[in-house]
file target.csv (CSV, C-alpha atoms and all ligand atoms)
chain,number,residue,atom,x,y,z
A,120,MET,CA,129.0,109.1,110.3
A,121,SER,CA,126.5,109.3,107.4
A,122,ARG,CA,129.5,109.5,105.0
A,123,TYR,CA,129.7,105.7,105.2
A,124,TRP,CA,126.1,105.4,103.8
A,125,SER,CA,125.4,104.0,100.4
A,126,ASP,CA,124.0,106.7,98.0
A,127,VAL,CA,120.5,105.1,98.1
A,128,VAL,CA,120.3,105.5,101.9
A,129,HIS,CA,120.7,109.3,101.6
A,130,ARG,CA,117.7,109.4,99.3
A,131,LEU,CA,115.4,107.1,101.4
A,132,THR,CA,112.3,108.3,103.2
A,133,PRO,CA,111.6,105.3,105.5
A,134,TYR,CA,108.1,104.1,106.2
A,135,VAL,CA,107.0,105.1,109.7
A,136,PRO,CA,105.1,102.2,111.4
A,137,GLY,CA,102.3,102.9,113.7
A,138,GLU,CA,103.2,103.4,117.4
A,139,GLN,CA,103.4,100.2,119.6
A,140,PRO,CA,102.5,101.9,122.9
A,141,ALA,CA,104.3,101.2,126.2
A,142,ALA,CA,101.1,101.9,128.2
A,143,ALA,CA,99.9,98.9,130.2
A,144,HIS,CA,96.3,98.9,128.8
A,145,PRO,CA,96.2,101.0,125.7
A,146,VAL,CA,93.1,101.2,123.5
A,147,LYS,CA,95.1,100.4,120.4
A,148,LEU,CA,93.3,101.4,117.3
A,149,ASN,CA,96.2,102.6,115.2
A,150,THR,CA,97.7,99.7,113.2
A,151,ASN,CA,94.6,97.7,112.1
A,152,GLU,CA,95.3,94.7,114.1
A,153,ASN,CA,92.5,92.3,114.9
A,154,PRO,CA,91.0,92.8,118.4
A,155,TYR,CA,90.4,89.1,118.8
A,156,PRO,CA,93.0,86.3,119.3
A,157,PRO,CA,93.8,83.8,116.7
A,158,SER,CA,92.2,80.3,116.7
A,159,PRO,CA,93.2,78.1,119.6
A,160,ARG,CA,94.3,75.6,117.0
A,161,VAL,CA,97.1,78.1,116.1
A,162,VAL,CA,98.5,78.1,119.7
A,163,GLU,CA,98.3,74.2,119.7
A,164,ALA,CA,100.1,74.0,116.4
A,165,ILE,CA,102.9,76.3,117.6
A,166,ARG,CA,103.3,74.2,120.8
A,167,ARG,CA,103.4,71.0,118.7
A,168,GLU,CA,105.9,72.4,116.3
A,169,LEU,CA,108.1,73.6,119.1
A,170,GLY,CA,108.1,70.2,121.0
A,171,ASP,CA,109.0,69.9,124.7
A,172,ALA,CA,112.6,71.0,124.3
A,173,GLY,CA,112.4,73.1,121.1
A,174,GLU,CA,114.3,70.4,119.3
A,175,SER,CA,112.7,71.2,115.9
A,176,LEU,CA,114.3,74.7,116.0
A,177,ARG,CA,117.7,73.2,115.3
A,178,ARG,CA,116.7,72.6,111.7
A,179,TYR,CA,116.0,75.2,109.0
A,180,PRO,CA,112.3,75.5,108.1
A,181,ASP,CA,110.9,74.3,104.7
A,182,PRO,CA,112.2,77.1,102.3
A,183,THR,CA,109.1,76.7,100.1
A,184,ALA,CA,106.5,76.4,103.0
A,185,LEU,CA,104.8,73.6,101.0
A,186,LYS,CA,102.3,72.4,103.6
A,187,LEU,CA,101.2,76.0,104.2
A,188,ARG,CA,100.9,76.6,100.5
A,189,GLU,CA,98.9,73.4,100.0
A,190,THR,CA,96.5,74.3,102.8
A,191,VAL,CA,96.0,77.8,101.5
A,192,ALA,CA,95.6,76.5,97.9
A,193,ALA,CA,92.8,74.1,99.1
A,194,HIS,CA,91.1,77.0,100.9
A,195,HIS,CA,91.0,79.2,97.8
A,196,GLY,CA,90.5,76.4,95.3
A,197,ILE,CA,93.8,77.1,93.5
A,198,ARG,CA,97.1,75.2,93.1
A,199,ALA,CA,100.1,75.5,95.4
A,200,GLU,CA,102.3,76.5,92.4
A,201,GLN,CA,100.2,79.6,92.2
A,202,ILE,CA,101.2,80.7,95.7
A,203,PHE,CA,104.3,82.6,96.9
A,204,VAL,CA,104.8,83.0,100.7
A,205,GLY,CA,106.8,85.7,102.4
A,206,ASN,CA,107.6,87.3,105.8
A,207,GLY,CA,104.5,89.4,106.0
A,208,SER,CA,102.8,90.9,102.9
A,209,ASP,CA,105.2,93.9,103.2
A,210,GLU,CA,108.1,91.5,102.3
A,211,VAL,CA,106.0,90.0,99.5
A,212,LEU,CA,105.3,93.5,98.1
A,213,ALA,CA,109.0,94.4,98.4
A,214,LEU,CA,110.0,91.4,96.4
A,215,THR,CA,107.2,92.1,93.9
A,216,PHE,CA,108.6,95.6,93.3
A,217,GLN,CA,112.0,94.0,92.3
A,218,ALA,CA,110.6,91.0,90.5
A,219,LEU,CA,107.7,92.4,88.5
A,220,LEU,CA,107.3,96.2,88.7
A,221,LYS,CA,110.7,97.6,87.8
A,222,HIS,CA,110.5,98.6,84.1
A,223,ASP,CA,111.2,101.6,81.8
A,224,LYS,CA,107.6,102.8,82.1
A,225,PRO,CA,106.4,104.1,85.4
A,226,LEU,CA,104.5,102.0,88.0
A,227,LEU,CA,101.0,103.5,88.7
A,228,PHE,CA,99.4,103.7,92.1
A,229,PRO,CA,96.9,106.0,93.8
A,230,ASP,CA,98.0,109.4,95.3
A,231,ILE,CA,96.3,108.3,98.6
A,232,THR,CA,97.2,104.7,99.4
A,233,TYR,CA,99.4,102.5,101.5
A,234,SER,CA,102.4,104.7,102.3
A,235,PHE,CA,104.9,101.8,101.9
A,236,TYR,CA,104.5,101.9,98.1
A,237,PRO,CA,106.5,105.1,97.5
A,238,THR,CA,109.0,104.0,100.1
A,239,TYR,CA,109.6,100.7,98.2
A,240,ALA,CA,109.7,102.5,94.9
A,241,ARG,CA,112.5,104.7,96.2
A,242,LEU,CA,114.4,101.9,97.8
A,243,PHE,CA,114.3,99.7,94.6
A,244,GLU,CA,114.6,102.7,92.3
A,245,VAL,CA,111.3,102.0,90.5
A,246,ASP,CA,109.9,105.0,88.6
A,247,TYR,CA,106.3,105.7,89.6
A,248,THR,CA,103.4,108.1,88.9
A,249,THR,CA,100.5,108.6,91.3
A,250,ILE,CA,96.9,108.8,90.1
A,251,ALA,CA,94.6,111.0,92.1
A,252,LEU,CA,91.6,109.6,93.9
A,253,ASP,CA,88.4,111.6,93.4
A,254,ASP,CA,87.1,113.9,96.1
A,255,SER,CA,85.2,111.0,97.8
A,256,PHE,CA,88.5,109.0,97.8
A,257,ALA,CA,87.2,106.6,95.1
A,258,ILE,CA,89.5,104.9,92.6
A,259,HIS,CA,88.5,105.1,89.0
A,260,VAL,CA,90.2,102.3,87.1
A,261,ASP,CA,89.8,104.1,83.8
A,262,ASP,CA,92.3,106.6,85.1
A,263,TYR,CA,95.0,103.9,84.9
A,264,ALA,CA,94.6,103.3,81.2
A,265,THR,CA,98.0,105.0,80.4
A,266,PRO,CA,101.3,103.3,79.4
A,267,ASN,CA,102.8,101.8,82.5
A,268,GLY,CA,105.3,99.3,83.9
A,269,GLY,CA,102.7,97.9,86.4
A,270,VAL,CA,99.6,98.9,88.4
A,271,LEU,CA,99.4,98.5,92.2
A,272,LEU,CA,96.1,99.0,94.1
A,273,PRO,CA,94.9,97.9,97.5
A,274,ASN,CA,91.4,96.7,97.6
A,275,PRO,CA,89.9,97.9,99.9
A,276,ASN,CA,92.2,100.9,99.7
A,277,ALA,CA,94.3,102.0,102.6
A,278,PRO,CA,94.1,104.2,104.6
A,279,THR,CA,90.5,104.8,103.5
A,280,GLY,CA,88.9,101.4,103.6
A,281,ARG,CA,87.0,102.1,100.4
A,282,PRO,CA,86.4,99.0,98.3
A,283,LEU,CA,86.4,98.6,94.5
A,284,PRO,CA,83.9,96.2,92.8
A,285,LEU,CA,85.5,93.1,91.3
A,286,ALA,CA,84.1,94.1,87.8
A,287,ASP,CA,86.2,97.3,87.9
A,288,ILE,CA,89.3,95.3,88.8
A,289,GLU,CA,88.6,92.8,86.0
A,290,ARG,CA,88.2,95.7,83.5
A,291,LEU,CA,91.6,97.0,84.6
A,292,VAL,CA,93.4,93.6,84.4
A,293,ALA,CA,91.8,92.7,81.1
A,294,ARG,CA,93.0,95.9,79.5
A,295,ASN,CA,96.4,96.1,81.1
A,296,THR,CA,98.0,93.1,79.5
A,297,ASP,CA,101.4,94.6,78.9
A,298,SER,CA,102.3,94.7,82.6
A,299,VAL,CA,101.3,93.2,85.9
A,300,VAL,CA,98.4,94.4,88.0
A,301,VAL,CA,98.9,93.8,91.7
A,302,ILE,CA,95.9,93.9,94.0
A,303,ASP,CA,96.9,94.2,97.6
A,304,GLU,CA,94.1,92.5,99.5
A,305,ALA,CA,95.3,93.1,103.1
A,306,TYR,CA,91.7,94.0,104.2
A,307,VAL,CA,89.6,92.0,101.7
A,308,ASP,CA,88.1,89.6,104.2
A,309,PHE,CA,86.2,92.4,105.9
A,310,GLY,CA,83.8,92.9,103.1
A,311,ALA,CA,85.4,93.3,99.6
A,312,GLU,CA,85.5,90.7,96.8
A,313,SER,CA,88.8,88.9,96.2
A,314,ALA,CA,90.4,89.0,92.7
A,315,ILE,CA,91.6,85.4,93.3
A,316,ALA,CA,88.4,84.5,91.4
A,317,LEU,CA,90.0,86.0,88.3
A,318,LEU,CA,93.4,84.2,88.5
A,319,ASP,CA,92.6,81.4,86.1
A,320,ARG,CA,91.7,83.9,83.3
A,321,TYR,CA,94.5,86.5,83.6
A,322,SER,CA,98.3,85.7,83.7
A,323,ASN,CA,99.1,89.4,84.4
A,324,LEU,CA,97.3,89.5,87.8
A,325,LEU,CA,99.0,89.1,91.2
A,326,VAL,CA,96.9,89.2,94.3
A,327,VAL,CA,98.6,89.8,97.7
A,328,GLN,CA,97.1,88.8,101.0
A,329,THR,CA,98.2,88.6,104.7
A,330,VAL,CA,97.3,86.7,107.9
A,331,SER,CA,98.0,89.9,109.9
A,332,LYS,CA,94.4,91.3,109.8
A,333,SER,CA,91.6,88.8,109.4
A,334,ARG,CA,93.5,85.9,110.9
A,335,SER,CA,94.8,87.8,113.9
A,336,LEU,CA,98.5,86.9,113.2
A,337,ALA,CA,100.2,90.3,112.7
A,338,GLY,CA,102.9,89.1,115.2
A,339,MET,CA,103.7,86.0,113.0
A,340,ARG,CA,104.6,87.9,109.8
A,341,VAL,CA,103.1,85.8,107.0
A,342,GLY,CA,101.9,87.1,103.7
A,343,PHE,CA,101.1,85.6,100.3
A,344,ALA,CA,101.1,86.4,96.6
A,345,PHE,CA,98.7,84.5,94.3
A,346,GLY,CA,99.2,84.4,90.6
A,347,HIS,CA,100.3,82.6,87.4
A,348,PRO,CA,103.2,80.2,88.1
A,349,ALA,CA,105.4,82.4,85.9
A,350,LEU,CA,104.9,85.4,88.2
A,351,ILE,CA,105.4,83.2,91.3
A,352,ASP,CA,108.7,81.9,89.7
A,353,ALA,CA,109.9,85.5,89.3
A,354,LEU,CA,109.2,86.1,93.0
A,355,ASN,CA,111.0,82.9,94.0
A,356,ARG,CA,114.0,83.9,91.9
A,357,VAL,CA,114.3,87.2,93.8
A,358,LYS,CA,113.6,85.5,97.2
A,359,ASP,CA,116.2,82.9,96.6
A,360,SER,CA,118.7,85.6,95.8
A,361,PHE,CA,117.9,87.4,99.1
A,362,ASN,CA,116.7,85.1,101.9
A,363,SER,CA,115.7,81.5,101.1
A,364,TYR,CA,114.0,80.9,104.5
A,365,PRO,CA,111.7,83.9,105.0
A,366,LEU,CA,109.2,82.0,107.1
A,367,ASP,CA,110.3,80.3,110.3
A,368,ARG,CA,108.9,77.0,111.5
A,369,LEU,CA,106.5,78.5,114.1
A,370,ALA,CA,105.1,81.0,111.5
A,371,GLN,CA,104.5,78.2,109.0
A,372,ALA,CA,102.7,76.0,111.6
A,373,ALA,CA,100.6,78.9,112.9
A,374,ALA,CA,99.5,80.1,109.5
A,375,THR,CA,98.6,76.6,108.4
A,376,ALA,CA,96.5,76.1,111.5
A,377,ALA,CA,94.7,79.4,111.0
A,378,TYR,CA,93.6,78.3,107.5
A,379,GLU,CA,92.4,75.0,108.9
A,380,ASP,CA,90.0,76.7,111.3
A,381,ASP,CA,87.6,78.4,108.9
A,382,ALA,CA,84.8,78.7,111.4
A,383,TRP,CA,87.0,80.8,113.8
A,384,PHE,CA,88.1,83.0,110.9
A,385,ARG,CA,84.5,83.7,109.7
A,386,ASP,CA,83.3,84.4,113.2
A,387,SER,CA,86.0,86.9,114.0
A,388,CYS,CA,85.5,88.7,110.6
A,389,ALA,CA,81.7,88.9,111.3
A,390,LYS,CA,82.3,90.4,114.7
A,391,VAL,CA,84.7,93.0,113.4
A,392,ILE,CA,82.3,93.9,110.5
A,393,ALA,CA,79.4,94.3,113.0
A,394,SER,CA,81.6,96.5,115.3
A,395,ARG,CA,82.7,98.6,112.3
A,396,GLU,CA,79.1,99.4,111.4
A,397,ARG,CA,78.3,100.2,115.0
A,398,LEU,CA,81.4,102.5,115.3
A,399,ALA,CA,80.6,104.2,112.0
A,400,GLY,CA,77.1,105.0,113.4
A,401,GLY,CA,78.7,106.3,116.7
A,402,LEU,CA,81.1,108.5,114.8
A,403,THR,CA,78.5,109.8,112.5
A,404,ALA,CA,76.3,110.7,115.4
A,405,LEU,CA,79.2,112.7,116.8
A,406,GLY,CA,79.3,114.7,113.5
A,407,PHE,CA,82.2,112.8,111.8
A,408,GLU,CA,82.1,112.3,108.0
A,409,VAL,CA,83.0,108.6,107.6
A,410,VAL,CA,84.3,107.1,104.3
A,411,PRO,CA,82.4,103.9,103.4
A,412,SER,CA,84.6,101.1,104.5
A,413,ALA,CA,85.0,97.4,103.7
A,414,ALA,CA,88.0,97.0,105.9
A,415,ASN,CA,88.7,96.7,109.7
A,416,LEU,CA,89.3,100.5,109.9
A,417,LEU,CA,87.3,103.7,109.4
A,418,PHE,CA,88.7,106.9,107.8
A,419,ALA,CA,86.9,109.9,109.3
A,420,ARG,CA,87.0,113.7,109.6
A,421,HIS,CA,85.2,116.2,111.7
A,422,GLU,CA,84.6,119.7,110.3
A,423,GLY,CA,84.8,121.2,113.8
A,424,TYR,CA,88.0,119.7,115.1
A,425,ASP,CA,91.6,119.5,113.9
A,426,ALA,CA,92.6,115.8,113.4
A,427,ALA,CA,96.1,116.1,114.7
A,428,THR,CA,94.9,117.7,117.9
A,429,LEU,CA,92.2,115.1,118.3
A,430,ALA,CA,94.8,112.3,117.9
A,431,LEU,CA,97.0,113.9,120.5
A,432,ARG,CA,94.1,114.4,123.0
A,433,LEU,CA,93.2,110.7,122.6
A,434,ARG,CA,96.8,109.7,123.0
A,435,GLU,CA,96.9,111.5,126.4
A,436,ARG,CA,94.1,109.0,127.4
A,437,ASP,CA,96.1,106.0,126.1
A,438,ILE,CA,93.8,105.8,123.1
A,439,PHE,CA,95.8,105.4,119.9
A,440,VAL,CA,94.5,106.2,116.4
A,441,ARG,CA,96.5,107.0,113.3
A,442,HIS,CA,96.9,110.5,111.8
A,443,PHE,CA,98.8,111.1,108.6
A,444,LYS,CA,100.5,114.5,108.0
A,445,ALA,CA,100.0,114.2,104.3
A,446,PRO,CA,98.3,116.3,101.6
A,447,ARG,CA,94.5,115.9,101.3
A,448,ILE,CA,94.2,113.7,104.3
A,449,ASP,CA,95.7,115.7,107.2
A,450,GLN,CA,92.2,116.4,108.6
A,451,HIS,CA,91.3,112.7,108.8
A,452,LEU,CA,91.9,110.0,111.4
A,453,ARG,CA,92.3,106.4,110.6
A,454,ILE,CA,90.6,104.3,113.3
A,455,SER,CA,91.1,100.6,113.5
A,456,VAL,CA,88.0,98.7,114.5
A,457,GLY,CA,88.4,97.3,118.1
A,458,THR,CA,86.0,95.3,120.2
A,459,ASP,CA,82.7,97.1,120.9
A,460,ALA,CA,84.0,97.9,124.4
A,461,GLU,CA,87.1,99.6,122.9
A,462,CYS,CA,85.0,101.5,120.4
A,463,ASP,CA,82.8,102.7,123.2
A,464,ILE,CA,85.8,104.0,125.2
A,465,LEU,CA,86.9,105.9,122.0
A,466,LEU,CA,83.4,107.4,121.5
A,467,ALA,CA,83.1,108.4,125.1
A,468,ALA,CA,86.6,110.0,125.0
A,469,LEU,CA,85.7,112.0,121.9
A,470,ARG,CA,82.5,113.2,123.5
A,471,ASP,CA,84.5,114.4,126.4
A,472,ILE,CA,87.2,116.0,124.3
A,473,PHE,CA,84.6,117.9,122.2
A,474,GLY,CA,83.1,119.2,125.5
A,475,ALA,CA,86.4,120.7,126.6
A,476,TYR,CA,87.9,121.5,123.2
A,477,ILE,CA,90.4,124.2,122.8
A,478,GLY,CA,91.9,123.8,119.3
A,501,LIG,C1,97.4,97.9,102.4
A,501,LIG,C2,98.4,97.1,103.2
A,501,LIG,N1,99.1,96.2,102.6
A,501,LIG,C3,100.0,95.5,103.2
A,501,LIG,C4,100.2,95.6,104.6
A,501,LIG,C5,101.3,94.8,105.3
A,501,LIG,O1,100.8,93.8,106.1
A,501,LIG,P1,101.7,92.7,106.7
A,501,LIG,O2,103.2,93.0,106.3
A,501,LIG,O3,101.5,92.7,108.1
A,501,LIG,O4,101.3,91.4,106.0
A,501,LIG,C6,99.4,96.5,105.3
A,501,LIG,C7,99.6,96.7,106.8
A,501,LIG,O5,99.0,97.5,107.4
A,501,LIG,C8,98.5,97.3,104.6
A,501,LIG,O6,97.7,98.3,105.2
call {"tool": "encode", "arguments": {"input": "target.csv", "output": "structure tokens", "more": "lines below"}}
Ligand SMILES: Cc1ncc(COP(=O)(O)O)c(C=O)c1O
result
Amino acid sequence: MSRYWSDVVHRLTPYVPGEQPAAAHPVKLNTNENPYPPSPRVVEAIRRELGDAGESLRRYPDPTALKLRETVAAHHGIRAEQIFVGNGSDEVLALTFQALLKHDKPLLFPDITYSFYPTYARLFEVDYTTIALDDSFAIHVDDYATPNGGVLLPNPNAPTGRPLPLADIERLVARNTDSVVVIDEAYVDFGAESAIALLDRYSNLLVVQTVSKSRSLAGMRVGFAFGHPALIDALNRVKDSFNSYPLDRLAQAAATAAYEDDAWFRDSCAKVIASRERLAGGLTALGFEVVPSAANLLFARHEGYDAATLALRLRERDIFVRHFKAPRIDQHLRISVGTDAECDILLAALRDIFGAYIG
């Protein structure tokens, strides 16, 4: 029945999300979720918004999510008019491709990066060129000094977790004034420096963030773009031509409460960072080469064992990590940082698998 498909559908290579396992008690280290729950204030706020009989749900939510934007603006010391809100940062990125990155010159992004970028580029027919990371998976911003219709980088990068210093990002933004530079900061709270600090000086900078990782709200689907009001206006124009109510009432209440509990946020990030360093030590002791990470994930390879086989053997034990069958990285595993207990289960399983390994 594919004869009914639009032309563009024939050309798509859809993004493949990480597995959401059916196992009763999986050790789920494959989609970079937070191992800790959100602030209890989030749960209270959802209950309050819902009311006893769910009466608030009769009404459409605020299409501009003003209270949420004001709360987030106060948190970052910026203005609400510098903030765009969407249904997860994936949606924010999708709207950004349409609103700001579709030009005659190609969009630039790294060859190894978030695999949704080429997917969006194909969906929205945005011409793009990839720029190779070096052999240690580092980004060199000087490699992006070519004519372009936009630059898109995650910081820290995905799936490697490798961060870029803010000075490098500023050099890139300062030089690239003819098009927008988008910095995708999905993982920034786990140890990198946010480019939000540069917003007041550069009108060509857009910073994208999410509550999915550091605020434990992947299930709520809330993401942001921060930038000059003219960039935010472009995003709103596309949003209001597509879906004017991207964030439901419960999501707006939950995300607002998450930003109101800064102590919870800081504590949970600190725990994840400590577990990351501990897990990196454990993996290194087992002979893995681990890419330096400022995210809630580790990207690691082992000379002696095939990565796809390791992922499969772990899966048999209900331990889920991510393997990408892609050039340059098919011998790596991307491992989300869990609780110390989960990381210990992973390390013990790896030890066991190594003991009995038949490749
Ligand atoms: C680099 C990067 N950007 C954006 C996202 C999307 O996050 P969300 O749509 O949950 O906000 C992810 C999710 O894994 C990611 O790794």
call {"tool": "closest_residue", "arguments": {"input": "target.csv", "among": "A:Leu285, A:Val211, A:Ala467, A:Ile250", "to": "ligand LIG 501 (chain A)", "atoms": "only C-alpha atoms and all ligand atoms"}}
result
A:Val211
call {"tool": "residues_near_ligand", "arguments": {"input": "target.csv", "ligand": "ligand LIG 501 (chain A)", "cutoff": "6 Å", "atoms": "all atoms listed in the file", "output": "list in words"}}
result
Gly207, Ser208, Asp209, Tyr233, Pro273, Ala277, Asp303, Ala305, Thr329, Ser331, Ala337, Arg340, Val341 and Gly342 of chain A
call {"tool": "closest_atom_pairs", "arguments": {"input": "target.csv", "of": "range 344-441 of chain A", "to": "range 212-231 of chain A", "cutoff": "7 Å", "atoms": "only C-alpha atoms", "output": "tab-separated table"}}
result
residue	atom	partner	partner_atom	distance
A:Ala353	CA	A:Ala218	CA	5.7
A:Leu354	CA	A:Ala218	CA	5.7
A:Val357	CA	A:Ala218	CA	6.2
A:Lys358	CA	A:Leu214	CA	7.0
call {"tool": "atom_distance", "arguments": {"input": "target.csv", "atom1": "CA of Ile351 in chain A", "atom2": "CA of Leu271 in chain A"}}
result
16.5 Å
call {"tool": "atom_distance", "arguments": {"input": "target.csv", "atom1": "CA of Leu169 in chain A", "atom2": "CA of Tyr364 in chain A"}}
result
17.4 Å
call {"tool": "build_atoms", "arguments": {"input": "target.csv", "residues": "range 241-258 of chain A", "atoms": "N, CA, C and O atoms", "output": "mmCIF file, in the coordinates of the input"}}
result
data_model
loop_
_atom_site.group_PDB
_atom_site.id
_atom_site.type_symbol
_atom_site.label_atom_id
_atom_site.label_comp_id
_atom_site.auth_asym_id
_atom_site.auth_seq_id
_atom_site.Cartn_x
_atom_site.Cartn_y
_atom_site.Cartn_z
ATOM 1 N N ARG A 241 111.216 104.029 96.027
ATOM 2 C CA ARG A 241 112.500 104.700 96.200
ATOM 3 C C ARG A 241 113.626 103.768 96.513
ATOM 4 O O ARG A 241 114.715 103.854 95.959
ATOM 5 N N LEU A 242 113.354 102.829 97.412
ATOM 6 C CA LEU A 242 114.400 101.900 97.800
ATOM 7 C C LEU A 242 114.901 101.078 96.599
ATOM 8 O O LEU A 242 116.099 100.892 96.413
ATOM 9 N N PHE A 243 113.935 100.611 95.774
ATOM 10 C CA PHE A 243 114.300 99.700 94.600
ATOM 11 C C PHE A 243 114.464 100.524 93.343
ATOM 12 O O PHE A 243 114.603 99.934 92.273
ATOM 13 N N GLU A 244 114.408 101.850 93.438
ATOM 14 C CA GLU A 244 114.600 102.700 92.300
ATOM 15 C C GLU A 244 113.636 102.377 91.152
ATOM 16 O O GLU A 244 114.033 102.155 90.013
ATOM 17 N N VAL A 245 112.366 102.296 91.514
ATOM 18 C CA VAL A 245 111.300 102.000 90.500
ATOM 19 C C VAL A 245 110.620 103.372 90.250
ATOM 20 O O VAL A 245 110.135 104.051 91.163
ATOM 21 N N ASP A 246 110.592 103.741 88.977
ATOM 22 C CA ASP A 246 109.900 105.000 88.600
ATOM 23 C C ASP A 246 108.425 104.845 88.774
ATOM 24 O O ASP A 246 107.867 103.807 88.436
ATOM 25 N N TYR A 247 107.752 105.863 89.344
ATOM 26 C CA TYR A 247 106.300 105.700 89.600
ATOM 27 C C TYR A 247 105.570 107.037 89.339
ATOM 28 O O TYR A 247 106.157 108.110 89.412
ATOM 29 N N THR A 248 104.284 106.909 89.032
ATOM 30 C CA THR A 248 103.400 108.100 88.900
ATOM 31 C C THR A 248 102.174 107.786 89.740
ATOM 32 O O THR A 248 101.652 106.662 89.726
ATOM 33 N N THR A 249 101.731 108.799 90.481
ATOM 34 C CA THR A 249 100.500 108.600 91.300
ATOM 35 C C THR A 249 99.299 109.116 90.520
ATOM 36 O O THR A 249 99.382 110.090 89.785
ATOM 37 N N ILE A 250 98.177 108.442 90.719
ATOM 38 C CA ILE A 250 96.900 108.800 90.100
ATOM 39 C C ILE A 250 95.961 109.254 91.170
ATOM 40 O O ILE A 250 95.740 108.519 92.143
ATOM 41 N N ALA A 251 95.391 110.455 90.990
ATOM 42 C CA ALA A 251 94.600 111.000 92.100
ATOM 43 C C ALA A 251 93.272 110.287 92.276
ATOM 44 O O ALA A 251 92.577 109.937 91.311
ATOM 45 N N LEU A 252 92.937 110.035 93.545
ATOM 46 C CA LEU A 252 91.600 109.600 93.900
ATOM 47 C C LEU A 252 90.637 110.736 93.651
ATOM 48 O O LEU A 252 91.056 111.893 93.677
ATOM 49 N N ASP A 253 89.340 110.462 93.486
ATOM 50 C CA ASP A 253 88.400 111.600 93.400
ATOM 51 C C ASP A 253 88.149 112.163 94.780
ATOM 52 O O ASP A 253 88.721 111.699 95.774
ATOM 53 N N ASP A 254 87.280 113.186 94.864
ATOM 54 C CA ASP A 254 87.100 113.900 96.100
ATOM 55 C C ASP A 254 86.478 113.010 97.231
ATOM 56 O O ASP A 254 86.584 113.309 98.419
ATOM 57 N N SER A 255 85.797 111.923 96.781
ATOM 58 C CA SER A 255 85.200 111.000 97.800
ATOM 59 C C SER A 255 86.183 109.855 98.075
ATOM 60 O O SER A 255 85.780 108.858 98.664
ATOM 61 N N PHE A 256 87.423 110.002 97.622
ATOM 62 C CA PHE A 256 88.500 109.000 97.800
ATOM 63 C C PHE A 256 88.185 107.697 97.035
ATOM 64 O O PHE A 256 88.649 106.627 97.424
ATOM 65 N N ALA A 257 87.409 107.804 95.952
ATOM 66 C CA ALA A 257 87.200 106.600 95.100
ATOM 67 C C ALA A 257 88.271 106.490 94.076
ATOM 68 O O ALA A 257 88.787 107.492 93.573
ATOM 69 N N ILE A 258 88.601 105.230 93.736
ATOM 70 C CA ILE A 258 89.500 104.900 92.600
ATOM 71 C C ILE A 258 88.696 104.742 91.382
ATOM 72 O O ILE A 258 87.667 104.062 91.421
#
